[in-house]
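Single-structure report; data block below.
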Amino acid sequence: MASSLPIFISPAALARLGHPDGEMNLVRAAGKAKILQGISNNASCSIAEIMSVKQPEQHLIFQLYMNKDRIAAEKLIRRLQSDGFSAIMLTVDAAMPGKRELDQRTKGHWEGPAANGKVGSEEKGIAHAMGGYQDPDVCWDDIPWIKSLTELPLIIKGIQCIEDAERALEMYKVDGIVLSNHGGRELDYAPAPMTVLYEMRQTRPDLLDKHHVFIDGGVTRGTDVLKALCLGARAVGLGRAFLYANGVWGEEGCTRVVEIIREEIVLDMQLLGVTGLDQLTPERVKYVERSRSRL
Ligand SMILES: Cc1cc2nc3c(=O)[nH]c(=O)nc-3n(C[C@H](O)[C@H](O)[C@H](O)COP(=O)(O)O)c2cc1C
């Protein structure tokens, strides 16, 4: 899937909390900028709304949470290709919602987009209410099952160690992985994806050469993108940057995020003295251990 820049929009739930047009703003901006986007299983816009603003040649990736109702899961997986999606991204780092105190204090009877009209009787924070359909027992064996239901490429999002990367890419032969800790919203002390990427470069550089390894989390500057590319990531996702932009300026804000990152990537490459992405090599970055006193 071609992209005009080595960045993509990471999937994020409920973009309508930020703007009435929700995910449609992000899809329009991604289409105009010709970059890839993940659409959350918990998107607030319907698939029909999302597809109504997608450009014909634009690629959208459906981010899947495994539903414990396997019949509903199968139905969804089977229809994604004809709905117009180009790939599936199975998120595996959030089978249970993390401990998000602010969210948990926002108690209410919420109905998530994937709830099919089922509102629980118990008051919960949004993440717990919305994720109630998810299967906490999602496991490796689900990969061949998903593959048996669709011809779409399968990417696993939320890989946080080299062993799992090896298993996903070599044993289960998925089409790509995203090194991610869900933007630090799930397990406290989960390693930064950039650290895992660095470890992969040290221990299994062949994985990076042979496979599609992506990364997201904490990316706010062009230099963050370049560091990941130097270490061997194929592309870098941004979540919050687009959510903030959508909340304040809608589609225009999302377009501006791409422009700023594009300007920074180009300028930073000029300052590094490189003329192509292929010249972004591991020697250009140095890993500096965080001082223990700053932890
Ligand atoms: C508000 C919010 C909602 C999110 N919802 C999802 C989601 O539905 N599915 C998913 O796979 N990741 C979700 N994520 C995680 C993002 O895909 C991504 O991993 C993370 O935002 C990257 O970090 P960054 O925000 O620092 O760029 C969400 C993140 C945020 C901030």
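Residue numbers start at 1 in each chain; chains themselves are named A, B, ... in the order of the structure tokens; ligands are numbered from 1 in the order shown.
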Quiz item: Using only C-alpha atoms and all ligand atoms, what are the residues with an atom within 9 Å of ligand 1, set out as a ChimeraX atom specification?
Solution: /A:9-15,38-43,63-65,89-94,157-158,178-185,215-220,237-243
Can those selected residues be exported to a file as a compact mmCIF listing (two decimals), in the first residue's frame so that it contains N, CA and C atoms?
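Result file again05.txt:
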```
# COMPACT_ATOMS: atom_id res chain seq x y z
N ILE A 9 -2.14 7.17 10.49
CA ILE A 9 -2.99 7.57 11.61
C ILE A 9 -3.35 6.31 12.39
N SER A 10 -2.93 6.25 13.66
CA SER A 10 -3.23 5.07 14.48
C SER A 10 -4.73 5.04 14.79
N PRO A 11 -5.28 3.84 14.91
CA PRO A 11 -6.72 3.76 15.20
C PRO A 11 -7.02 4.26 16.60
N ALA A 12 -8.06 5.04 16.75
CA ALA A 12 -8.46 5.51 18.08
C ALA A 12 -9.98 5.59 18.16
N ALA A 13 -10.49 5.23 19.31
CA ALA A 13 -11.94 5.15 19.51
C ALA A 13 -12.59 6.53 19.55
N LEU A 14 -13.86 6.57 19.21
CA LEU A 14 -14.76 7.68 19.53
C LEU A 14 -14.27 9.08 19.13
N ALA A 15 -13.90 9.26 17.88
CA ALA A 15 -13.43 10.58 17.44
C ALA A 15 -14.55 11.63 17.49
N GLY A 38 -5.70 3.70 10.38
CA GLY A 38 -6.40 2.60 11.02
C GLY A 38 -7.73 3.10 11.56
N ILE A 39 -8.80 2.34 11.31
CA ILE A 39 -10.13 2.73 11.81
C ILE A 39 -10.46 1.84 13.00
N SER A 40 -10.71 2.45 14.15
CA SER A 40 -10.97 1.67 15.37
C SER A 40 -12.26 0.86 15.28
N ASN A 41 -12.20 -0.33 15.87
CA ASN A 41 -13.41 -1.15 16.05
C ASN A 41 -14.44 -0.36 16.87
N ASN A 42 -13.94 0.60 17.66
CA ASN A 42 -14.82 1.42 18.49
C ASN A 42 -14.96 2.83 17.92
N ALA A 43 -14.87 2.95 16.61
CA ALA A 43 -15.06 4.27 15.97
C ALA A 43 -16.48 4.76 16.26
N GLN A 63 -9.15 -1.79 12.41
CA GLN A 63 -8.57 -2.28 13.68
C GLN A 63 -9.61 -3.11 14.40
N LEU A 64 -9.25 -4.37 14.65
CA LEU A 64 -10.20 -5.33 15.21
C LEU A 64 -9.87 -5.63 16.68
N TYR A 65 -10.90 -5.58 17.52
CA TYR A 65 -10.82 -6.19 18.85
C TYR A 65 -11.60 -7.48 18.75
N MET A 89 -6.13 -5.00 11.33
CA MET A 89 -5.10 -4.82 12.37
C MET A 89 -5.71 -5.31 13.68
N LEU A 90 -5.25 -6.48 14.14
CA LEU A 90 -5.79 -7.04 15.39
C LEU A 90 -5.01 -6.47 16.57
N THR A 91 -5.71 -5.77 17.45
CA THR A 91 -5.03 -5.19 18.62
C THR A 91 -5.03 -6.20 19.76
N VAL A 92 -3.82 -6.47 20.30
CA VAL A 92 -3.69 -7.53 21.31
C VAL A 92 -3.19 -7.01 22.67
N ASP A 93 -2.99 -5.69 22.77
CA ASP A 93 -2.45 -5.19 24.04
C ASP A 93 -3.54 -4.63 24.95
N ALA A 94 -4.80 -4.80 24.57
CA ALA A 94 -5.87 -4.18 25.35
C ALA A 94 -7.08 -5.12 25.46
N LYS A 157 -1.25 -5.57 16.26
CA LYS A 157 -0.86 -4.31 16.93
C LYS A 157 -0.78 -4.53 18.44
N GLY A 158 0.36 -4.08 19.01
CA GLY A 158 0.51 -4.21 20.45
C GLY A 158 1.58 -5.20 20.85
N VAL A 178 2.75 -4.09 14.68
CA VAL A 178 2.96 -2.73 15.20
C VAL A 178 3.51 -2.87 16.61
N LEU A 179 4.74 -2.41 16.82
CA LEU A 179 5.28 -2.34 18.18
C LEU A 179 4.56 -1.18 18.84
N SER A 180 3.80 -1.47 19.89
CA SER A 180 2.95 -0.43 20.48
C SER A 180 2.60 -0.84 21.90
N ASN A 181 2.48 0.15 22.79
CA ASN A 181 1.92 -0.13 24.12
C ASN A 181 0.63 0.66 24.33
N HIS A 182 -0.08 0.91 23.20
CA HIS A 182 -1.39 1.57 23.24
C HIS A 182 -1.25 3.01 23.73
N GLY A 183 -0.13 3.63 23.39
CA GLY A 183 0.09 5.00 23.84
C GLY A 183 0.24 5.08 25.36
N GLY A 184 0.74 3.97 25.99
CA GLY A 184 0.95 3.98 27.44
C GLY A 184 -0.35 3.96 28.24
N ARG A 185 -1.45 3.50 27.62
CA ARG A 185 -2.75 3.56 28.29
C ARG A 185 -3.17 2.24 28.91
N ILE A 215 5.56 1.04 14.18
CA ILE A 215 5.70 1.44 15.57
C ILE A 215 4.76 2.62 15.81
N ASP A 216 4.22 2.72 17.02
CA ASP A 216 3.54 3.97 17.41
C ASP A 216 3.68 4.19 18.90
N GLY A 217 3.43 5.44 19.30
CA GLY A 217 3.49 5.80 20.73
C GLY A 217 4.46 6.92 20.99
N GLY A 218 3.94 8.04 21.42
CA GLY A 218 4.80 9.16 21.83
C GLY A 218 5.45 9.92 20.70
N VAL A 219 4.95 9.74 19.48
CA VAL A 219 5.57 10.42 18.33
C VAL A 219 4.94 11.81 18.17
N THR A 220 5.75 12.83 18.34
CA THR A 220 5.22 14.19 18.21
C THR A 220 6.04 15.05 17.25
N GLY A 237 3.17 5.43 13.48
CA GLY A 237 1.79 5.88 13.69
C GLY A 237 1.70 7.01 14.70
N LEU A 238 0.71 7.86 14.50
CA LEU A 238 0.42 8.93 15.46
C LEU A 238 -1.05 8.82 15.88
N GLY A 239 -1.28 8.83 17.18
CA GLY A 239 -2.64 8.74 17.69
C GLY A 239 -3.12 10.09 18.19
N ARG A 240 -2.61 10.48 19.37
CA ARG A 240 -3.10 11.70 20.02
C ARG A 240 -2.93 12.95 19.17
N ALA A 241 -1.85 13.05 18.41
CA ALA A 241 -1.64 14.26 17.61
C ALA A 241 -2.87 14.54 16.74
N PHE A 242 -3.41 13.46 16.13
CA PHE A 242 -4.58 13.64 15.25
C PHE A 242 -5.86 13.84 16.06
N LEU A 243 -5.93 13.19 17.23
CA LEU A 243 -7.15 13.37 18.04
C LEU A 243 -7.25 14.81 18.55
```
Quiz item: Residues at most 12 Å from Tyr172 in chain A, counting only C-alpha atoms, excluding those fewer than 3 positions away in the same chain, as a PyMOL selection string?
Solution: chain A and resi 139-147+154-156+164-169+175-177
Could you save the residues just selected, with N, CA and C atoms, as a short mmCIF file (atom, residue, chain, number, x, y, z; two decimals), in the first residue's frame?
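Result file is selection_30.cif:
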```
data_model
loop_
_atom_site.label_atom_id
_atom_site.label_comp_id
_atom_site.auth_asym_id
_atom_site.auth_seq_id
_atom_site.Cartn_x
_atom_site.Cartn_y
_atom_site.Cartn_z
N CYS A 139 -6.13 -15.09 21.76
CA CYS A 139 -4.85 -15.81 21.88
C CYS A 139 -4.26 -16.10 20.49
N TRP A 140 -3.07 -16.70 20.49
CA TRP A 140 -2.36 -16.94 19.23
C TRP A 140 -3.19 -17.76 18.25
N ASP A 141 -3.96 -18.73 18.78
CA ASP A 141 -4.75 -19.58 17.89
C ASP A 141 -5.81 -18.81 17.12
N ASP A 142 -6.11 -17.60 17.57
CA ASP A 142 -7.09 -16.80 16.83
C ASP A 142 -6.53 -16.31 15.49
N ILE A 143 -5.21 -16.30 15.37
CA ILE A 143 -4.62 -15.80 14.12
C ILE A 143 -4.98 -16.69 12.92
N PRO A 144 -4.72 -18.03 13.01
CA PRO A 144 -5.15 -18.86 11.87
C PRO A 144 -6.65 -18.81 11.64
N TRP A 145 -7.42 -18.64 12.72
CA TRP A 145 -8.88 -18.56 12.57
C TRP A 145 -9.27 -17.31 11.76
N ILE A 146 -8.68 -16.18 12.11
CA ILE A 146 -8.98 -14.94 11.36
C ILE A 146 -8.57 -15.11 9.90
N LYS A 147 -7.36 -15.69 9.71
CA LYS A 147 -6.87 -15.87 8.33
C LYS A 147 -7.79 -16.76 7.50
N LEU A 154 -3.13 -9.39 7.44
CA LEU A 154 -3.37 -9.27 8.89
C LEU A 154 -2.14 -8.71 9.59
N ILE A 155 -2.36 -7.63 10.34
CA ILE A 155 -1.30 -6.97 11.10
C ILE A 155 -1.65 -7.12 12.58
N ILE A 156 -0.64 -7.41 13.43
CA ILE A 156 -0.91 -7.52 14.86
C ILE A 156 -0.38 -6.25 15.53
N ASP A 164 7.61 -12.22 21.05
CA ASP A 164 6.28 -12.18 20.44
C ASP A 164 6.35 -11.73 18.98
N ALA A 165 7.30 -10.85 18.69
CA ALA A 165 7.48 -10.41 17.30
C ALA A 165 7.89 -11.60 16.44
N GLU A 166 8.83 -12.40 16.98
CA GLU A 166 9.30 -13.59 16.23
C GLU A 166 8.13 -14.55 16.00
N ARG A 167 7.35 -14.76 17.06
CA ARG A 167 6.24 -15.71 16.98
C ARG A 167 5.21 -15.24 15.94
N ALA A 168 4.89 -13.96 16.01
CA ALA A 168 3.86 -13.43 15.09
C ALA A 168 4.34 -13.51 13.64
N LEU A 169 5.58 -13.10 13.40
CA LEU A 169 6.05 -12.98 12.02
C LEU A 169 6.51 -14.32 11.44
N ASP A 175 1.18 -10.51 8.32
CA ASP A 175 1.74 -9.65 7.27
C ASP A 175 2.49 -8.44 7.83
N GLY A 176 2.32 -8.17 9.11
CA GLY A 176 3.04 -7.06 9.72
C GLY A 176 2.73 -6.99 11.19
N ILE A 177 3.57 -6.24 11.93
CA ILE A 177 3.29 -6.03 13.36
C ILE A 177 3.47 -4.55 13.68
#
```
Exercise. Have a look at CA of Asp209 in chain A and CA of Thr275 in chain A and let me know their distance in Å, one decimal.
Key: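 Those two atoms sit 20.4 Å apart.
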Quiz prompt | Every residue of range 86-175 of chain A that DSSP places in strand (DSSP E), as a PyMOL selection string | solution = chain A and resi 87-91+154-159
Quiz prompt | Separation of CA of Ala228 in chain A from CA of Cys161 in chain A, in Å and rounded to one decimal | solution = 16.0 Å
